$ cat start_30.cif   # mmCIF, C-alpha atoms
data_entry
#
loop_
_atom_site.label_atom_id
_atom_site.label_comp_id
_atom_site.auth_asym_id
_atom_site.auth_seq_id
_atom_site.Cartn_x
_atom_site.Cartn_y
_atom_site.Cartn_z
CA MET A 1 136.06 128.31 88.30
CA LYS A 2 135.41 125.90 85.45
CA LEU A 3 133.09 127.45 82.86
CA ILE A 4 131.62 125.56 79.91
CA VAL A 5 129.78 127.56 77.27
CA VAL A 6 127.30 125.26 75.57
CA SER A 7 126.23 126.32 72.09
CA GLY A 8 125.13 124.77 68.84
CA TYR A 9 122.32 124.58 66.36
CA SER A 10 118.70 124.30 67.43
CA GLY A 11 117.80 120.62 67.61
CA SER A 12 121.40 119.43 67.88
CA GLY A 13 121.25 118.40 71.55
CA LYS A 14 122.11 121.50 73.61
CA SER A 15 119.43 120.79 76.22
CA THR A 16 120.74 117.25 76.63
CA ALA A 17 124.26 118.61 77.12
CA LEU A 18 123.15 121.05 79.79
CA ASN A 19 121.19 118.30 81.54
CA VAL A 20 124.28 116.09 81.67
CA LEU A 21 126.37 118.92 83.08
CA GLU A 22 123.69 119.76 85.65
CA ASP A 23 123.57 116.13 86.75
CA ALA A 24 127.37 116.31 87.16
CA GLY A 25 127.11 119.22 89.58
CA TYR A 26 127.44 122.22 87.26
CA TYR A 27 125.36 125.31 87.95
CA CYS A 28 123.55 125.67 84.62
CA ILE A 29 121.96 128.69 82.97
CA ASP A 30 120.28 128.42 79.58
CA ASN A 31 119.97 131.31 77.13
CA LEU A 32 122.03 133.86 79.06
CA PRO A 33 122.40 137.10 77.06
CA LEU A 34 125.97 137.08 75.77
CA MET A 35 126.72 140.61 76.91
CA LEU A 36 125.92 139.61 80.51
CA LEU A 37 128.39 136.71 80.54
CA LYS A 38 131.46 138.68 81.62
CA ASP A 39 129.64 140.45 84.47
CA PHE A 40 128.02 137.23 85.62
CA VAL A 41 131.36 135.39 85.75
CA SER A 42 133.02 138.34 87.48
CA GLN A 43 130.33 138.44 90.17
CA SER A 44 130.51 134.67 90.60
CA LEU A 45 134.27 134.78 91.07
CA GLY A 46 133.92 137.60 93.59
CA ARG A 47 131.59 135.70 95.91
CA GLU A 48 132.82 134.46 99.26
CA HIS A 49 132.12 130.94 98.04
CA PRO A 50 132.53 131.06 94.23
CA VAL A 51 130.69 128.63 92.01
CA GLU A 52 133.22 125.93 91.13
CA SER A 53 131.53 124.60 87.99
CA LEU A 54 129.33 126.70 85.73
CA ALA A 55 127.67 125.88 82.40
CA VAL A 56 126.00 128.57 80.29
CA GLY A 57 123.87 128.01 77.20
CA ILE A 58 124.38 130.66 74.52
CA ASP A 59 122.77 130.19 71.13
CA VAL A 60 120.85 131.86 68.33
CA ARG A 61 118.18 133.12 70.73
CA ASN A 62 120.68 135.88 71.57
CA LEU A 63 120.65 139.12 69.61
CA SER A 64 122.35 138.45 66.28
CA SER A 65 124.43 141.62 66.62
CA ASP A 66 125.77 140.38 69.96
CA LEU A 67 126.79 136.96 68.63
CA GLN A 68 129.37 138.52 66.33
CA HIS A 69 131.22 139.72 69.43
CA PHE A 70 131.48 136.24 70.95
CA PRO A 71 135.29 135.95 70.48
CA GLU A 72 135.93 139.23 72.31
CA VAL A 73 133.55 138.37 75.15
CA LEU A 74 135.16 134.94 75.51
CA ASN A 75 138.61 136.50 75.67
CA ASP A 76 137.44 138.95 78.37
CA VAL A 77 136.00 136.10 80.42
CA ARG A 78 139.26 134.16 80.24
CA LYS A 79 141.17 137.23 81.40
CA LEU A 80 139.11 137.13 84.59
CA GLY A 81 140.82 133.85 85.44
CA ALA A 82 138.02 131.41 84.63
CA GLU A 83 138.99 128.09 83.05
CA CYS A 84 136.70 128.30 80.03
CA GLU A 85 135.79 125.81 77.31
CA VAL A 86 133.30 126.09 74.47
CA LEU A 87 131.23 123.01 73.61
CA PHE A 88 129.44 123.19 70.27
CA LEU A 89 126.74 120.74 69.15
CA ASP A 90 126.43 120.21 65.40
CA ALA A 91 124.22 118.24 63.02
CA THR A 92 123.53 118.30 59.28
CA GLU A 93 120.80 120.53 57.92
CA PRO A 94 118.57 117.64 56.74
CA VAL A 95 118.77 116.03 60.17
CA LEU A 96 117.90 119.27 61.96
CA GLN A 97 114.94 119.86 59.64
CA LYS A 98 113.72 116.31 60.21
CA ARG A 99 113.95 116.65 63.99
CA PHE A 100 111.89 119.83 63.98
CA SER A 101 109.35 118.34 61.57
CA GLU A 102 108.94 115.22 63.71
CA THR A 103 108.59 117.07 67.01
CA ARG A 104 106.53 119.93 65.53
CA ARG A 105 108.59 122.38 67.56
CA LYS A 106 109.05 125.89 66.22
CA HIS A 107 112.55 126.87 65.19
CA PRO A 108 113.69 130.07 66.99
CA LEU A 109 114.25 131.82 63.65
CA SER A 110 111.22 130.58 61.73
CA LYS A 111 108.49 133.11 61.01
CA ASP A 112 105.52 133.41 58.72
CA ASN A 113 107.83 134.50 55.88
CA VAL A 114 110.81 132.29 56.85
CA SER A 115 110.62 128.56 56.16
CA LEU A 116 112.21 125.93 58.38
CA ALA A 117 114.92 125.25 55.78
CA GLU A 118 115.73 128.95 55.56
CA ALA A 119 115.82 129.26 59.36
CA VAL A 120 118.29 126.38 59.64
CA LYS A 121 120.58 127.96 57.03
CA GLN A 122 120.35 131.37 58.65
CA GLU A 123 121.25 129.93 62.04
CA ARG A 124 124.52 128.52 60.66
CA LEU A 125 125.54 131.99 59.53
CA LEU A 126 124.63 133.65 62.81
CA LEU A 127 126.53 131.13 64.93
CA GLY A 128 129.63 131.14 62.73
CA ALA A 129 131.69 133.22 65.17
CA VAL A 130 130.73 130.95 68.07
CA ARG A 131 131.56 127.76 66.20
CA GLU A 132 135.01 129.05 65.26
CA CYS A 133 135.82 129.45 68.97
CA ALA A 134 134.74 125.91 69.92
CA ASP A 135 137.19 123.77 71.86
CA ILE A 136 135.15 120.68 71.06
CA CYS A 137 132.46 120.06 68.43
CA ILE A 138 130.20 117.03 68.77
CA GLU A 139 128.39 115.90 65.65
CA THR A 140 125.02 114.47 66.66
CA SER A 141 123.45 113.55 63.30
CA ASN A 142 123.98 109.83 63.96
CA THR A 143 123.76 110.02 67.74
CA ASN A 144 120.75 109.32 69.92
CA VAL A 145 120.14 110.94 73.31
CA ARG A 146 121.66 108.09 75.31
CA GLU A 147 124.82 108.10 73.21
CA LEU A 148 125.13 111.87 73.40
CA ARG A 149 124.83 111.82 77.17
CA SER A 150 127.56 109.20 77.32
CA ILE A 151 129.88 111.15 75.00
CA ILE A 152 129.51 114.37 76.99
CA ALA A 153 130.04 112.57 80.28
CA ASP A 154 133.17 110.80 79.03
CA ARG A 155 134.76 113.63 77.06
CA VAL A 156 133.75 116.74 79.00
CA VAL A 157 132.69 115.91 82.55
CA LYS A 158 135.31 113.27 83.32
CA ARG A 159 138.22 115.01 81.62
CA THR A 160 141.07 115.81 83.98
CA LYS A 161 142.33 119.37 83.78
CA GLY A 162 145.23 119.64 81.35
CA ALA A 163 144.78 116.12 79.97
CA LEU A 164 144.03 115.45 76.31
CA SER A 165 140.64 113.88 75.64
CA LEU A 166 141.14 111.56 72.68
CA LEU A 167 138.24 110.00 70.78
CA LEU A 168 138.85 107.11 68.40
CA MET A 169 135.90 106.57 66.07
CA SER A 170 135.19 103.87 63.51
CA PHE A 171 132.81 104.62 60.65
CA GLY A 172 131.70 103.48 57.21
CA PHE A 173 132.43 105.65 54.19
CA LYS A 174 129.22 104.53 52.51
CA HIS A 175 127.32 106.28 55.32
CA GLY A 176 129.34 109.47 54.94
CA ALA A 177 132.57 110.63 56.55
CA PRO A 178 132.15 112.17 60.01
CA ALA A 179 132.43 115.92 60.48
CA ASP A 180 134.62 117.71 63.01
CA VAL A 181 137.44 115.19 63.19
CA ASP A 182 141.14 116.01 63.33
CA PHE A 183 142.44 113.00 61.40
CA ILE A 184 140.79 110.44 59.12
CA PHE A 185 142.52 107.18 58.20
CA ASP A 186 141.14 105.08 55.36
CA VAL A 187 141.56 101.31 55.83
CA ARG A 188 139.47 100.19 52.84
CA CYS A 189 142.66 98.85 51.24
CA LEU A 190 142.85 96.07 53.84
CA PRO A 191 141.40 92.55 53.32
CA ASN A 192 137.64 92.71 53.81
CA PRO A 193 135.90 90.09 56.01
CA HIS A 194 132.65 90.99 54.25
CA TRP A 195 133.67 88.74 51.37
CA GLU A 196 133.99 85.76 53.71
CA SER A 197 130.45 84.41 53.96
CA HIS A 198 130.88 83.12 57.52
CA LEU A 199 132.11 86.55 58.70
CA ARG A 200 129.80 88.84 56.76
CA HIS A 201 127.24 89.32 59.54
CA ALA A 202 129.76 89.51 62.38
CA THR A 203 131.61 92.67 63.49
CA GLY A 204 135.15 93.65 64.35
CA LEU A 205 134.29 93.12 68.01
CA GLU A 206 133.76 89.39 67.52
CA LYS A 207 136.54 86.81 67.74
CA PRO A 208 136.18 85.18 64.28
CA VAL A 209 136.62 88.57 62.58
CA MET A 210 139.42 89.54 64.95
CA ASP A 211 141.26 86.30 64.25
CA TYR A 212 140.83 86.75 60.50
CA LEU A 213 142.21 90.30 60.51
CA ALA A 214 145.00 89.49 62.97
CA ALA A 215 146.29 86.90 60.50
CA GLN A 216 146.68 89.50 57.72
CA PRO A 217 150.21 91.06 57.68
CA GLU A 218 149.04 94.28 56.03
CA VAL A 219 146.52 94.86 58.83
CA ALA A 220 149.26 94.71 61.44
CA GLN A 221 151.38 97.08 59.36
CA MET A 222 148.52 99.57 59.03
CA GLU A 223 147.93 99.45 62.80
CA ALA A 224 151.61 100.06 63.50
CA ASP A 225 151.82 102.97 61.07
CA ILE A 226 148.75 104.72 62.49
CA ALA A 227 149.92 104.16 66.07
CA ASP A 228 153.39 105.53 65.25
CA PHE A 229 151.85 108.58 63.60
CA LEU A 230 149.60 109.35 66.57
CA LEU A 231 152.28 108.78 69.19
CA ARG A 232 154.62 111.06 67.28
CA TRP A 233 152.25 113.94 66.54
CA LEU A 234 149.57 114.03 69.25
CA PRO A 235 152.10 115.32 71.81
CA ARG A 236 152.75 118.27 69.49
CA PHE A 237 149.07 119.19 69.67
CA GLU A 238 149.10 118.76 73.45
CA ALA A 239 152.01 121.21 73.58
CA GLU A 240 149.76 123.73 71.82
CA ASN A 241 147.17 123.34 74.63
CA ARG A 242 144.72 121.27 72.60
CA SER A 243 142.20 119.73 74.98
CA TYR A 244 140.28 117.51 72.55
CA MET A 245 141.28 115.44 69.54
CA THR A 246 139.18 113.11 67.39
CA VAL A 247 140.68 110.43 65.16
CA ALA A 248 138.38 108.58 62.76
CA ILE A 249 139.14 105.31 60.99
CA GLY A 250 136.90 104.32 58.12
CA CYS A 251 136.24 101.23 56.05
CA THR A 252 133.41 100.62 53.59
CA GLY A 253 130.55 99.74 55.94
CA GLY A 254 132.03 100.49 59.35
CA GLN A 255 131.42 96.94 60.58
CA HIS A 256 134.70 95.03 60.38
CA ARG A 257 138.09 96.58 59.55
CA SER A 258 137.62 100.04 61.05
CA VAL A 259 136.09 98.59 64.22
CA TYR A 260 138.95 96.14 64.65
CA CYS A 261 141.59 98.84 64.07
CA VAL A 262 140.00 101.21 66.60
CA GLU A 263 139.93 98.47 69.23
CA ARG A 264 143.56 97.56 68.57
CA LEU A 265 144.70 101.18 68.67
CA GLN A 266 142.84 101.75 71.91
CA GLN A 267 144.80 98.92 73.49
CA GLN A 268 148.09 100.37 72.25
CA LEU A 269 147.42 103.98 73.23
CA LYS A 270 145.39 103.75 76.43
CA GLN A 271 148.41 103.86 78.72
CA ARG A 272 149.62 107.11 77.13
CA TYR A 273 146.11 108.57 76.89
CA PRO A 274 144.03 107.23 79.79
CA GLN A 275 141.11 109.53 78.95
CA MET A 276 140.76 108.02 75.48
CA ILE A 277 137.39 106.59 74.49
CA ALA A 278 136.39 104.48 71.49
CA ARG A 279 133.13 104.80 69.58
CA HIS A 280 131.85 102.70 66.72
CA ARG A 281 129.43 104.94 64.84
CA GLU A 282 127.80 102.34 62.62
CA LEU A 283 127.43 99.78 65.43
CA ALA A 284 125.60 102.27 67.66
#

$ encode --input "start_30.cif" --output "structure tokens"
Amino acid sequence: MKLIVVSGYSGSGKSTALNVLEDAGYYCIDNLPLMLLKDFVSQSLGREHPVESLAVGIDVRNLSSDLQHFPEVLNDVRKLGAECEVLFLDATEPVLQKRFSETRRKHPLSKDNVSLAEAVKQERLLLGAVRECADICIETSNTNVRELRSIIADRVVKRTKGALSLLLMSFGFKHGAPADVDFIFDVRCLPNPHWESHLRHATGLEKPVMDYLAAQPEVAQMEADIADFLLRWLPRFEAENRSYMTVAIGCTGGQHRSVYCVERLQQQLKQRYPQMIARHRELA
């Protein structure tokens, strides 16, 4: 049995994640009491025709005292023989508050004497034990529903058992560094097409910018160094049974240099990591 526990902060995209998994053939249950998870999995495994793919939503709607025992429950479930992964959806506090304000939905922890901001902060504390157990965290602050569905489909649903899912992400430092990444490489030291007037409004996906950067020796050296680093060290993480890795490459605005480098690295690494995907955060 393949079991995916879907958790995360309210408003971060958990319902979208469960919908994607359901569309992919998973039997989905939202808001299952944590203390029933082990028994439910045990009964499912004991059926004449066990459920092959199961997704369970567990979040702050559970009893807060139960959530602290998430690591032990997860360990018990894995001992039953289920292939289990924890998917955690994250977003910044201002983004979560804005989403609730715009939709006028009620936060699960908000009460007459608890403001929305306080509820969001409290939720982070209550889900701390769950987040620490996550196999993959997806930061959704800069992600719309369509993009989130695509990321979950590519990284979770389509991942072959035992294979490393590698995400290469470009971003702009002026928009903030991404959270939940394993490595960040800063390429702001490279020649910047932004200062070439005819390239300023193009991106690293367009040929004029690609030709400009390809002609810069230091760009090629940076590419080679990053590729050598990843090819040397990613296998070490694979050996430690890591299922997901995220590598982010940042320039100033996330339009030119970082985009170009991600595309180049994808070409160099795709044979070794066929389940690798590239995402350009600022172009989305």

$ closest_residue --input "start_30.cif" --among "A:Arg264, A:Glu102, A:Thr160, A:Thr140" --to "A:Ala220" --atoms "only C-alpha atoms"
A:Arg264

$ resolve_selection --input "start_30.cif" --expression "the PyMOL selection byres ((chain A and resi 243) around 8)" --output "PyMOL selection string"
chain A and resi 135+162-165+238+241-242+244-245

$ residues_near_point --input "start_30.cif" --point "(142.5, 101.8, 59.6)" --cutoff "6 Å" --atoms "all atoms listed in the file" --output "PDB file with C-alpha atoms, in the coordinates of the input"
ATOM      1  CA  PHE A 185     142.520 107.180  58.200  1.00  0.00           C
ATOM      2  CA  ASP A 186     141.140 105.080  55.360  1.00  0.00           C
ATOM      3  CA  VAL A 187     141.560 101.310  55.830  1.00  0.00           C
ATOM      4  CA  ILE A 249     139.140 105.310  60.990  1.00  0.00           C
ATOM      5  CA  SER A 258     137.620 100.040  61.050  1.00  0.00           C
ATOM      6  CA  CYS A 261     141.590  98.840  64.070  1.00  0.00           C
TER       7      CYS A 261
END

$ atom_distance --input "start_30.cif" --atom1 "atom CA of A:Asp180" --atom2 "atom CA of A:Cys137"
6.3 Å

$ closest_residue --input "start_30.cif" --among "A:Ala224, A:Val259, A:Val130, A:Ala284" --to "A:His69" --atoms "all atoms listed in the file"
A:Val130
